[in-house]
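Peer 1: What follows is structure17.cif; its format and atoms are mmCIF, C-alpha atoms and all ligand atoms.
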```
data_start
#
loop_
_atom_site.label_atom_id
_atom_site.label_comp_id
_atom_site.auth_asym_id
_atom_site.auth_seq_id
_atom_site.Cartn_x
_atom_site.Cartn_y
_atom_site.Cartn_z
CA MET T 18 -10.12 43.32 62.17
CA ARG T 19 -9.49 43.84 58.46
CA GLU T 20 -10.00 47.19 56.74
CA LEU T 21 -11.42 46.61 53.26
CA LEU T 22 -12.19 48.94 50.38
CA LEU T 23 -14.60 48.23 47.51
CA ALA T 24 -13.96 49.87 44.13
CA ILE T 25 -16.20 50.28 41.10
CA GLU T 26 -15.05 50.94 37.51
CA SER T 27 -17.58 51.72 34.78
CA SER T 28 -16.00 54.55 32.77
CA CYS T 29 -16.41 52.94 29.35
CA ASP T 30 -17.58 49.46 28.34
CA ASP T 31 -16.32 47.29 31.22
CA SER T 32 -18.28 46.82 34.45
CA SER T 33 -15.90 45.83 37.22
CA ILE T 34 -15.80 45.62 41.02
CA ALA T 35 -12.86 44.78 43.30
CA VAL T 36 -12.41 44.43 47.06
CA ILE T 37 -8.93 45.06 48.44
CA ASP T 38 -7.36 44.97 51.92
CA VAL T 39 -6.09 48.54 52.48
CA ASN T 40 -3.19 47.36 54.65
CA THR T 41 -1.85 44.36 52.73
CA TYR T 42 -3.15 45.32 49.22
CA GLU T 43 -4.44 41.77 48.93
CA CYS T 44 -7.19 41.46 46.34
CA LEU T 45 -10.07 39.59 48.01
CA PHE T 46 -12.58 39.84 45.18
CA TYR T 47 -12.33 40.82 41.54
CA GLU T 48 -14.73 40.54 38.65
CA LYS T 49 -15.20 42.26 35.31
CA ILE T 50 -17.94 41.92 32.72
CA SER T 51 -16.90 43.28 29.31
CA GLN T 52 -19.62 44.50 26.99
CA ASP T 53 -19.05 42.55 23.78
CA GLU T 54 -22.44 43.81 22.56
CA HIS T 55 -20.69 46.89 21.08
CA ASN T 56 -18.50 44.81 18.75
CA GLU T 57 -21.02 44.73 15.91
CA PHE T 58 -21.14 48.57 15.91
CA GLY T 59 -17.33 48.96 15.66
CA GLY T 60 -17.29 51.26 18.70
CA VAL T 61 -18.97 51.91 22.05
CA VAL T 62 -22.64 52.98 21.89
CA PRO T 63 -23.18 55.13 25.03
CA GLU T 64 -26.87 54.32 25.66
CA LEU T 65 -26.20 50.60 25.29
CA ALA T 66 -23.16 50.87 27.59
CA SER T 67 -25.24 52.57 30.26
CA ARG T 68 -27.99 49.92 30.11
CA LEU T 69 -25.48 47.07 30.24
CA HIS T 70 -23.71 48.60 33.28
CA THR T 71 -27.09 48.79 35.03
CA GLU T 72 -27.48 45.04 34.47
CA ALA T 73 -23.91 43.95 35.17
CA LEU T 74 -22.88 46.02 38.21
CA PRO T 75 -25.63 44.74 40.59
CA LYS T 76 -24.92 41.19 39.39
CA ILE T 77 -21.25 41.55 40.40
CA LEU T 78 -22.05 43.48 43.59
CA ALA T 79 -24.25 40.64 44.84
CA LYS T 80 -21.13 38.45 45.01
CA THR T 81 -19.35 40.89 47.36
CA LYS T 82 -21.92 40.37 50.19
CA PRO T 83 -19.46 38.39 52.40
CA PHE T 84 -17.22 41.48 52.57
CA LEU T 85 -19.78 44.25 53.06
CA ASN T 86 -19.57 44.55 56.84
CA GLU T 87 -15.76 44.86 56.74
CA LEU T 88 -15.76 47.72 54.21
CA LYS T 89 -14.23 51.01 55.34
CA ALA T 90 -14.66 53.01 52.10
CA ILE T 91 -16.07 52.93 48.57
CA ALA T 92 -13.95 54.14 45.62
CA VAL T 93 -15.36 54.85 42.19
CA THR T 94 -14.07 56.13 38.85
CA ASN T 95 -15.52 59.62 38.40
CA GLU T 96 -13.42 60.92 35.45
CA PRO T 97 -12.64 60.87 32.53
CA GLY T 98 -14.94 58.59 30.57
CA LEU T 99 -18.37 58.31 28.99
CA SER T 100 -20.78 60.42 31.02
CA VAL T 101 -23.62 57.86 31.05
CA SER T 102 -21.23 55.02 31.90
CA LEU T 103 -19.61 56.93 34.77
CA GLN T 104 -23.08 57.68 36.14
CA SER T 105 -23.89 53.98 36.64
CA GLY T 106 -20.84 53.35 38.81
CA VAL T 107 -21.09 56.64 40.71
CA ALA T 108 -24.80 56.09 41.52
CA MET T 109 -24.02 52.63 42.92
CA ALA T 110 -21.01 53.93 44.89
CA LYS T 111 -23.04 56.74 46.45
CA ALA T 112 -25.84 54.35 47.42
CA LEU T 113 -23.31 51.99 49.07
CA SER T 114 -21.60 54.87 50.86
CA VAL T 115 -24.94 56.01 52.34
CA ALA T 116 -26.23 52.53 53.17
CA LEU T 117 -23.00 51.40 54.88
CA ASN T 118 -22.23 54.86 56.33
CA ILE T 119 -18.64 54.82 55.03
CA PRO T 120 -16.67 57.47 53.08
CA LEU T 121 -16.78 57.87 49.30
CA ILE T 122 -13.59 58.27 47.23
CA ALA T 123 -13.50 59.63 43.65
CA ILE T 124 -10.73 58.24 41.43
CA ASN T 125 -9.37 59.56 38.15
CA HIS T 126 -9.35 56.64 35.68
CA LEU T 127 -5.89 57.52 34.34
CA LYS T 128 -4.40 57.58 37.85
CA GLY T 129 -6.03 54.17 38.22
CA HIS T 130 -4.14 52.91 35.15
CA ILE T 131 -0.86 54.16 36.67
CA CYS T 132 -1.68 52.25 39.86
CA SER T 133 -2.02 49.05 37.80
CA LEU T 134 1.82 48.99 37.96
CA PHE T 135 1.76 48.75 41.76
CA LEU T 136 -1.27 46.58 42.57
CA ASP T 137 0.39 44.73 45.43
CA LYS T 138 3.28 47.04 46.27
CA GLU T 139 4.22 50.58 47.25
CA ILE T 140 3.97 53.29 44.57
CA MET T 141 7.31 54.45 43.16
CA ASN T 142 8.36 58.13 42.92
CA ASP T 143 10.07 59.96 40.04
CA PHE T 144 9.46 57.86 36.96
CA LEU T 145 8.01 58.16 33.48
CA VAL T 146 4.75 56.60 32.30
CA LEU T 147 3.49 55.86 28.81
CA LEU T 148 -0.30 55.59 28.87
CA VAL T 149 -1.74 53.97 25.76
CA SER T 150 -5.45 53.17 25.79
CA GLY T 151 -8.48 53.52 23.55
CA GLY T 152 -9.12 57.04 24.83
CA HIS T 153 -5.65 58.38 25.65
CA THR T 154 -2.03 58.49 24.54
CA MET T 155 0.16 60.33 27.01
CA ILE T 156 3.69 60.57 28.31
CA LEU T 157 3.44 61.44 32.00
CA GLU T 158 6.03 62.25 34.61
CA ILE T 159 5.22 60.99 38.10
CA THR T 160 7.05 63.06 40.70
CA LYS T 161 7.14 62.86 44.48
CA GLU T 162 3.88 62.49 46.38
CA TYR T 163 2.32 60.91 43.30
CA ASP T 164 2.09 64.24 41.50
CA ILE T 165 1.51 63.89 37.75
CA ASN T 166 2.82 66.16 34.98
CA LEU T 167 1.72 65.85 31.37
CA ILE T 168 4.69 65.83 28.95
CA ALA T 169 2.99 64.83 25.70
CA THR T 170 -0.44 63.86 24.45
CA THR T 171 -2.18 63.30 21.12
CA SER T 172 -3.80 66.05 19.12
CA ASP T 173 -6.26 63.66 17.43
CA ASP T 174 -6.77 59.89 17.67
CA SER T 175 -5.24 57.83 20.46
CA PHE T 176 -2.84 54.93 19.81
CA GLY T 177 -5.51 52.29 20.65
CA GLU T 178 -8.21 54.17 18.75
CA SER T 179 -6.05 54.18 15.61
CA PHE T 180 -5.81 50.37 15.86
CA ASP T 181 -9.61 50.25 16.22
CA LYS T 182 -10.14 52.49 13.17
CA VAL T 183 -7.63 50.66 10.96
CA ALA T 184 -9.16 47.31 12.01
CA LYS T 185 -12.58 48.62 10.98
CA MET T 186 -11.22 49.73 7.57
CA LEU T 187 -9.70 46.26 7.09
CA GLY T 188 -13.00 44.60 8.02
CA LEU T 189 -11.62 43.12 11.27
CA GLY T 190 -13.34 42.96 14.68
CA TYR T 191 -13.60 45.46 17.55
CA PRO T 192 -11.64 46.38 19.63
CA GLY T 193 -9.09 46.30 16.84
CA GLY T 194 -5.75 46.05 18.69
CA VAL T 195 -5.58 42.28 19.02
CA PHE T 196 -6.94 41.69 15.49
CA ILE T 197 -4.31 43.96 13.91
CA GLU T 198 -1.57 42.36 16.01
CA GLU T 199 -2.69 38.85 14.96
CA LEU T 200 -3.02 39.75 11.26
CA ALA T 201 0.36 41.53 11.22
CA LYS T 202 2.06 38.22 12.07
CA ASN T 203 1.14 37.01 8.54
CA GLU T 204 3.09 39.78 6.78
CA SER T 205 4.61 38.28 3.62
CA ASN T 206 6.84 41.19 2.61
CA ASN T 207 7.52 44.84 3.52
CA THR T 208 5.49 46.24 0.61
CA TYR T 209 4.26 49.18 2.65
CA GLU T 210 6.18 51.83 4.48
CA PHE T 211 4.06 54.62 5.94
CA SER T 212 5.64 57.94 6.85
CA LEU T 213 6.32 58.99 10.43
CA PRO T 214 4.01 61.69 11.86
CA ILE T 215 5.50 64.87 13.39
CA PRO T 216 9.18 64.04 12.78
CA SER T 217 10.24 67.42 14.25
CA LYS T 218 12.32 66.94 17.40
CA SER T 219 10.95 70.14 18.91
CA ARG T 220 7.31 69.00 18.95
CA LEU T 221 6.48 66.67 21.83
CA GLU T 222 3.11 65.64 20.50
CA TYR T 223 1.40 62.59 19.07
CA SER T 224 -0.91 62.38 16.06
CA PHE T 225 -2.31 59.18 14.59
CA SER T 226 -4.88 60.50 12.10
CA GLY T 227 -2.25 60.95 9.35
CA ILE T 228 -1.20 57.28 9.57
CA LYS T 229 -4.86 56.28 9.42
CA ASN T 230 -5.27 58.28 6.20
CA GLN T 231 -2.19 56.67 4.65
CA VAL T 232 -3.74 53.28 5.47
CA ARG T 233 -7.04 54.37 3.91
CA LEU T 234 -5.25 55.33 0.66
CA ALA T 235 -3.36 52.01 0.58
CA ILE T 236 -6.62 50.09 1.09
CA ASN T 237 -8.37 52.06 -1.67
CA ASP T 238 -5.47 51.30 -4.00
CA CYS T 239 -5.74 47.59 -3.22
CA ILE T 240 -9.50 47.61 -3.77
CA ALA T 241 -8.97 49.26 -7.18
CA ASN T 242 -6.38 46.58 -8.07
CA ASN T 243 -8.32 43.72 -6.49
CA THR T 244 -5.37 42.84 -4.20
CA LEU T 245 -6.81 43.63 -0.77
CA ASP T 246 -7.00 40.01 0.40
CA THR T 247 -3.30 39.39 -0.25
CA GLN T 248 -2.19 42.80 1.10
CA LYS T 249 -4.24 43.05 4.30
CA ALA T 250 -1.56 41.50 6.52
CA ASN T 251 1.16 43.65 4.93
CA ILE T 252 -0.89 46.80 5.55
CA ALA T 253 -1.66 45.79 9.17
CA ALA T 254 2.03 45.09 9.85
CA ALA T 255 3.20 48.36 8.28
CA PHE T 256 0.58 50.29 10.26
CA GLN T 257 1.57 48.62 13.54
CA ARG T 258 5.27 49.32 12.82
CA ILE T 259 4.82 53.04 12.17
CA ALA T 260 2.38 53.55 15.09
CA CYS T 261 4.92 51.95 17.47
CA LYS T 262 7.80 53.89 15.88
CA HIS T 263 5.90 57.16 16.47
CA ILE T 264 5.45 56.28 20.16
CA ILE T 265 9.14 55.40 20.55
CA ASN T 266 10.37 58.43 18.58
CA LYS T 267 8.76 60.91 21.00
CA LEU T 268 9.79 58.90 24.05
CA ASN T 269 13.38 59.06 22.83
CA ILE T 270 13.18 62.88 22.75
CA VAL T 271 11.94 62.97 26.36
CA LEU T 272 14.71 60.58 27.44
CA HIS T 273 17.33 62.61 25.60
CA ASN T 274 16.42 65.63 27.76
CA LYS T 275 16.14 63.90 31.15
CA ASN T 276 17.05 60.64 32.86
CA TYR T 277 14.47 58.51 34.62
CA LYS T 278 15.04 55.42 36.70
CA ALA T 279 11.97 53.65 35.33
CA LEU T 280 9.41 53.68 32.53
CA GLY T 281 5.94 52.34 33.29
CA VAL T 282 3.59 51.35 30.48
CA VAL T 283 -0.13 51.23 31.18
CA GLY T 284 -3.50 51.10 29.39
CA GLY T 285 -5.18 48.45 27.26
CA ALA T 286 -2.86 48.95 24.27
CA SER T 287 0.21 48.24 26.44
CA ALA T 288 -0.59 44.58 25.70
CA ASN T 289 0.86 45.09 22.19
CA LEU T 290 3.93 42.86 21.89
CA LEU T 291 5.76 44.90 19.24
CA LEU T 292 5.37 48.00 21.41
CA ARG T 293 6.57 46.05 24.47
CA SER T 294 9.69 44.82 22.65
CA LYS T 295 10.54 48.35 21.43
CA LEU T 296 10.04 49.73 24.95
CA ASP T 297 12.24 47.00 26.32
CA GLU T 298 14.98 48.11 23.88
CA ILE T 299 14.85 51.78 24.90
CA CYS T 300 14.79 50.87 28.59
CA LYS T 301 17.93 48.76 28.16
CA LYS T 302 19.59 51.54 26.15
CA ASN T 303 18.77 54.15 28.81
CA ASN T 304 19.46 51.91 31.80
CA MET T 305 15.86 52.17 33.01
CA GLN T 306 13.60 49.61 34.62
CA LEU T 307 10.55 48.70 32.50
CA LEU T 308 7.41 48.51 34.63
CA LEU T 309 4.47 46.57 33.21
CA ALA T 310 1.08 45.77 34.69
CA PRO T 311 -0.03 42.12 34.72
CA LEU T 312 -1.71 41.50 31.32
CA LYS T 313 -5.08 40.87 33.02
CA TYR T 314 -4.99 44.37 34.53
CA CYS T 315 -3.71 46.33 31.48
CA SER T 316 -7.25 47.00 30.26
CA ASP T 317 -9.93 48.73 32.34
CA ASN T 318 -10.50 47.07 35.70
CA ALA T 319 -11.64 47.89 39.24
CA LEU T 320 -8.51 46.56 40.97
CA MET T 321 -6.40 49.48 39.71
CA ILE T 322 -9.16 51.84 40.97
CA ALA T 323 -9.09 50.05 44.34
CA ARG T 324 -5.28 50.49 44.57
CA ALA T 325 -5.62 54.22 43.80
CA GLY T 326 -8.48 54.29 46.32
CA VAL T 327 -6.17 53.00 49.05
CA ILE T 328 -3.85 56.01 48.58
CA ALA T 329 -6.83 58.39 48.84
CA TYR T 330 -8.19 56.46 51.86
CA LYS T 331 -4.89 56.81 53.72
CA ASN T 332 -4.85 60.55 52.91
CA LYS T 333 -8.52 60.85 54.00
CA ASP T 334 -9.23 62.26 50.56
CA PHE T 335 -13.02 61.81 50.59
CA VAL T 336 -15.89 63.45 48.65
CA ASN T 337 -19.41 64.39 49.71
CA ILE T 338 -22.15 62.17 48.41
CA SER T 339 -24.14 65.27 47.42
CA ASP T 340 -21.28 66.58 45.20
CA ASP T 341 -21.57 66.26 41.43
CA ILE T 342 -18.27 64.40 40.97
CA ILE T 343 -18.76 63.19 37.40
CA ASN T 344 -16.29 64.90 35.07
CA PRO T 345 -16.30 63.10 31.67
CA LYS T 346 -13.62 65.24 30.01
CA SER T 347 -11.34 66.03 32.93
CA LYS T 348 -7.83 67.20 32.07
CA ASN T 349 -6.33 67.38 35.49
CA PHE T 350 -2.64 66.87 34.81
CA LYS T 351 -0.35 69.89 34.81
CA ARG T 352 1.33 70.41 31.45
CA LEU T 353 5.12 70.62 31.69
O1 LIG A 401 -7.43 50.82 28.50
P1 LIG A 401 -8.46 50.18 27.64
O2 LIG A 401 -8.93 48.79 28.00
O3 LIG A 401 -9.74 51.05 27.54
C1 LIG A 401 -9.69 52.45 27.52
O4 LIG A 401 -9.60 53.06 28.61
O5 LIG A 401 -9.68 52.96 26.38
O6 LIG A 401 -7.86 50.17 26.13
C2 LIG A 401 -8.57 49.65 25.04
C3 LIG A 401 -7.78 49.94 23.77
C4 LIG A 401 -8.54 49.63 22.50
O7 LIG A 401 -8.41 50.72 21.62
C5 LIG A 401 -7.82 48.39 21.96
O8 LIG A 401 -7.86 48.26 20.53
C6 LIG A 401 -6.42 48.64 22.44
O9 LIG A 401 -6.58 49.16 23.75
N1 LIG A 401 -5.64 47.38 22.48
C7 LIG A 401 -4.56 47.15 21.70
C8 LIG A 401 -4.14 45.83 21.99
N2 LIG A 401 -4.99 45.30 22.94
C9 LIG A 401 -5.90 46.29 23.22
N3 LIG A 401 -3.94 47.94 20.82
C10 LIG A 401 -2.84 47.42 20.20
N4 LIG A 401 -2.40 46.16 20.41
C11 LIG A 401 -3.00 45.34 21.29
N5 LIG A 401 -2.55 44.10 21.51
ZN ZN A 402 -8.70 52.83 30.46
#
```
The structure given in the file should be rewritten as structure tokens.
Ligand code: KG4
Ligand code: ZN

Peer 2:
Amino acid sequence: MRELLLAIESSCDDSSIAVIDVNTYECLFYEKISQDEHNEFGGVVPELASRLHTEALPKILAKTKPFLNELKAIAVTNEPGLSVSLQSGVAMAKALSVALNIPLIAINHLKGHICSLFLDKEIMNDFLVLLVSGGHTMILEITKEYDINLIATTSDDSFGESFDKVAKMLGLGYPGGVFIEELAKNESNNTYEFSLPIPSKSRLEYSFSGIKNQVRLAINDCIANNTLDTQKANIAAAFQRIACKHIINKLNIVLHNKNYKALGVVGGASANLLLRSKLDEICKKNNMQLLLAPLKYCSDNALMIARAGVIAYKNKDFVNISDDIINPKSKNFKRL
């Protein structure tokens, strides 16, 4: 008799459900519906996100019927994220938990991203993680027993968010990461060189708002000189270069102080190829293994929540259905 777990992810603008075998980690069902409806607004509109989750989640759930009587637990993202988006998934998870009389598991979305590195295998101990998404930029240390320490985070925009904002300024689509990456390939010369934020070696901190302002000034200059069309690709490439350099610069400081056997890179922005090649270089230099999630599971998805759910299931780490588990702004990593 199989033991299956169903997981729901709805923390932002993706509605996703996965069913996983808790013993073999085999993914038996996976689907995600991304809400492209936000694109025209250049960012996620919470009320719209909530309404679209309410449409999409039941549509996906209907396809999981063949597995329902083998389910042993329901896992759901409860933090951090958009409050109204989290509510859609949590309400569905609670209803399933009651109807099927099986335990409910609450999963931190960021822990879920870390689990995207180990979807079909055992979780590693003692390694470093770079989390780069639309909402977060963090260097995390994963110690024994899957304990997580926060080493560095951003004091303003996240890495992915800065791509989104620069894309908006350049009149590109949303989410901006892929558009910037595509446009940067057309760079004709290195006209622009933006300055590196927080160069001090003693500050383990990220900040992307200064780069964004440098880009804004460059764009304004081009508009005044009527050269924006010919300079867009050069600006996008220079922005991408400095944003990646900033990430690598702080990682180098961490690696100078301590050795790690592996560096995992997770979150939607980990799809960026320039970032991946720079991370590959520092891993080779420091004799570390580079751990990457499959591209399909870099962005938000329920399979990573299911994998994190399996750990909680094995530890009997359940929550009460009457508990208010939604925690949009949770900061539950210990700061080193
Ligand atoms: O993890 P994710 O899917 O959602 C959040 O939890 O935020 O990450 C989405 C973010 C967006 O900001 C998007 O622009 C960025 O990841 N992103 C990229 C790339 N692909 C997605 N940023 C840079 N380069 C990319 N290729
Ligand atoms: Zn995410």

Peer 1: Within 10 Å of ligand LIG 401 (chain A), which residues show up when you count all atoms listed in the file? List them as a PyMOL selection string, please.

Peer 2: chain T and resi 28-31+51+60+97-98+126-127+130+148-154+175-184+190-199+257+260-261+283-293+312+314-318

Peer 1: What lies within 9 Å of Glu20 of chain T using only C-alpha atoms, ignoring chain neighbours under 4 positions off, as a list in words?

Peer 2: Ile37, Asp38, Val39, Asn40, Glu87, Leu88, Lys89 and Ala90 of chain T

Peer 1: Filtering to C-alpha atoms, could you give me those residues as an mmCIF file, keeping the file's coordinate frame?

Peer 2:
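Now in again-v6.cif:
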```
data_model
loop_
_atom_site.group_PDB
_atom_site.id
_atom_site.type_symbol
_atom_site.label_atom_id
_atom_site.label_comp_id
_atom_site.auth_asym_id
_atom_site.auth_seq_id
_atom_site.Cartn_x
_atom_site.Cartn_y
_atom_site.Cartn_z
ATOM 1 C CA ILE T 37 -8.930 45.060 48.440
ATOM 2 C CA ASP T 38 -7.360 44.970 51.920
ATOM 3 C CA VAL T 39 -6.090 48.540 52.480
ATOM 4 C CA ASN T 40 -3.190 47.360 54.650
ATOM 5 C CA GLU T 87 -15.760 44.860 56.740
ATOM 6 C CA LEU T 88 -15.760 47.720 54.210
ATOM 7 C CA LYS T 89 -14.230 51.010 55.340
ATOM 8 C CA ALA T 90 -14.660 53.010 52.100
#
```

Peer 1: Let me make sure I understand: among T:Asp340, T:Asn242, T:Ser27, T:Ala116, which one has the smallest atom-to-atom distance to ligand ZN 402 (chain A) if we use all atoms listed in the file?

Peer 2: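 For ligand ZN 402 (chain A), the nearest of the given residues is T:Ser27.
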
Peer 1: Excluding Gly281 of chain T and residues on its chain fewer than 2 positions from it, collect all residues at most 6 Å away from it, counting only C-alpha atoms, and give them as JSON, numbers by chain.

Peer 2: {"T": [146, 307, 308, 309]}

Peer 1: Which polymer residues have any atom within 9 Å of an atom of His263 of chain T, counting only C-alpha atoms, with same-chain residues fewer than 2 positions away left out, as a PDB file with C-alpha atoms, keeping the file's coordinate frame?

Peer 2:
```pdb
ATOM      1  CA  LEU T 213       6.320  58.990  10.430  1.00  0.00           C
ATOM      2  CA  PRO T 214       4.010  61.690  11.860  1.00  0.00           C
ATOM      3  CA  ILE T 215       5.500  64.870  13.390  1.00  0.00           C
ATOM      4  CA  PRO T 216       9.180  64.040  12.780  1.00  0.00           C
ATOM      5  CA  TYR T 223       1.400  62.590  19.070  1.00  0.00           C
ATOM      6  CA  SER T 224      -0.910  62.380  16.060  1.00  0.00           C
ATOM      7  CA  PHE T 225      -2.310  59.180  14.590  1.00  0.00           C
ATOM      8  CA  ARG T 258       5.270  49.320  12.820  1.00  0.00           C
ATOM      9  CA  ILE T 259       4.820  53.040  12.170  1.00  0.00           C
ATOM     10  CA  ALA T 260       2.380  53.550  15.090  1.00  0.00           C
ATOM     11  CA  CYS T 261       4.920  51.950  17.470  1.00  0.00           C
ATOM     12  CA  ILE T 265       9.140  55.400  20.550  1.00  0.00           C
ATOM     13  CA  ASN T 266      10.370  58.430  18.580  1.00  0.00           C
ATOM     14  CA  LYS T 267       8.760  60.910  21.000  1.00  0.00           C
ATOM     15  CA  LEU T 268       9.790  58.900  24.050  1.00  0.00           C
TER      16      LEU T 268
END
```

Peer 1: When you count all atoms listed in the file, which of these residues is closest to ligand ZN 402 (chain A): T:Gly326, T:Gly129, T:Pro311, T:Gly227?

Peer 2: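 For ligand ZN 402 (chain A), the nearest of the candidates is T:Gly129.
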
Peer 1: Using atom CA of Lys348 of chain T and atom CA of Val115 of chain T as the two end points, give the distance in Å to one decimal.

Peer 2: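 These atoms are spaced 28.8 Å apart.
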
Peer 1: Calculated over all atoms listed in the file, which of the candidates T:Thr41, T:Ser33, T:Asn337, T:Asn206 has the smallest distance to Pro120 of chain T?

Peer 2: T:Asn337

Peer 1: Which one of T:Arg19, T:Lys128, T:Arg324, T:Lys82 sits closest to Glu158 of chain T if you count all atoms listed in the file?

Peer 2: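 Ranked by minimum distance to Glu158 of chain T, first place goes to T:Lys128.
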
Peer 1: Within 10 Å of (-0.6, 55.6, 5.2), all atoms listed in the file: residues as a list of chain:residue names?

Peer 2: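 These residues have at least one counted atom within 10 Å: T:Tyr209, T:Glu210, T:Phe211, T:Ser212, T:Leu213, T:Ser226, T:Gly227, T:Ile228, T:Lys229, T:Asn230, T:Gln231, T:Val232, T:Arg233, T:Leu234, T:Ala235, T:Ile236, T:Ile252, T:Ala255, T:Phe256, T:Ile259.
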
Peer 1: Point out the residue among T:Ile240, T:Cys300, T:Cys132, T:Ile156 with the least atom-to-atom distance to ligand ZN 402 (chain A), counting all atoms listed in the file.

Peer 2: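 The answer is T:Cys132, which sits nearest to ligand ZN 402 (chain A).
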
Peer 1: In Å to one decimal, how far is atom CA of Ala169 of chain T from atom CA of Phe350 of chain T?

Peer 2: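 So the two atoms, atom CA of Phe350 of chain T and atom CA of Ala169 of chain T, lie 10.9 Å apart.
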
Peer 1: Check the smallest atom-to-atom distance from each of T:Leu200, T:Met18, T:Val336, T:Ala310 to Ser133 of chain T using all atoms listed in the file, then report the winner.

Peer 2: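 Looking only at the distances to Ser133 of chain T, the closest residue turns out to be T:Ala310.
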
Peer 1: Go ahead and fit an axis-aligned box to every listed atom of segment 166-179 of chain T plus 3 Å each side, and pass me the centre and edge lengths in Å, one decimal, as lines of an AutoDock Vina configuration file.

Peer 2:
```
center_x = -1.8
center_y = 59.2
center_z = 25.3
size_x = 18.9
size_y = 19.9
size_z = 25.4
```

Peer 1: Quick one: distance from atom CA of Ile168 of chain T to atom CA of Lys301 of chain T in Å, one decimal?

Peer 2: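 Straight-line distance from atom CA of Ile168 of chain T to atom CA of Lys301 of chain T works out to 21.6 Å.
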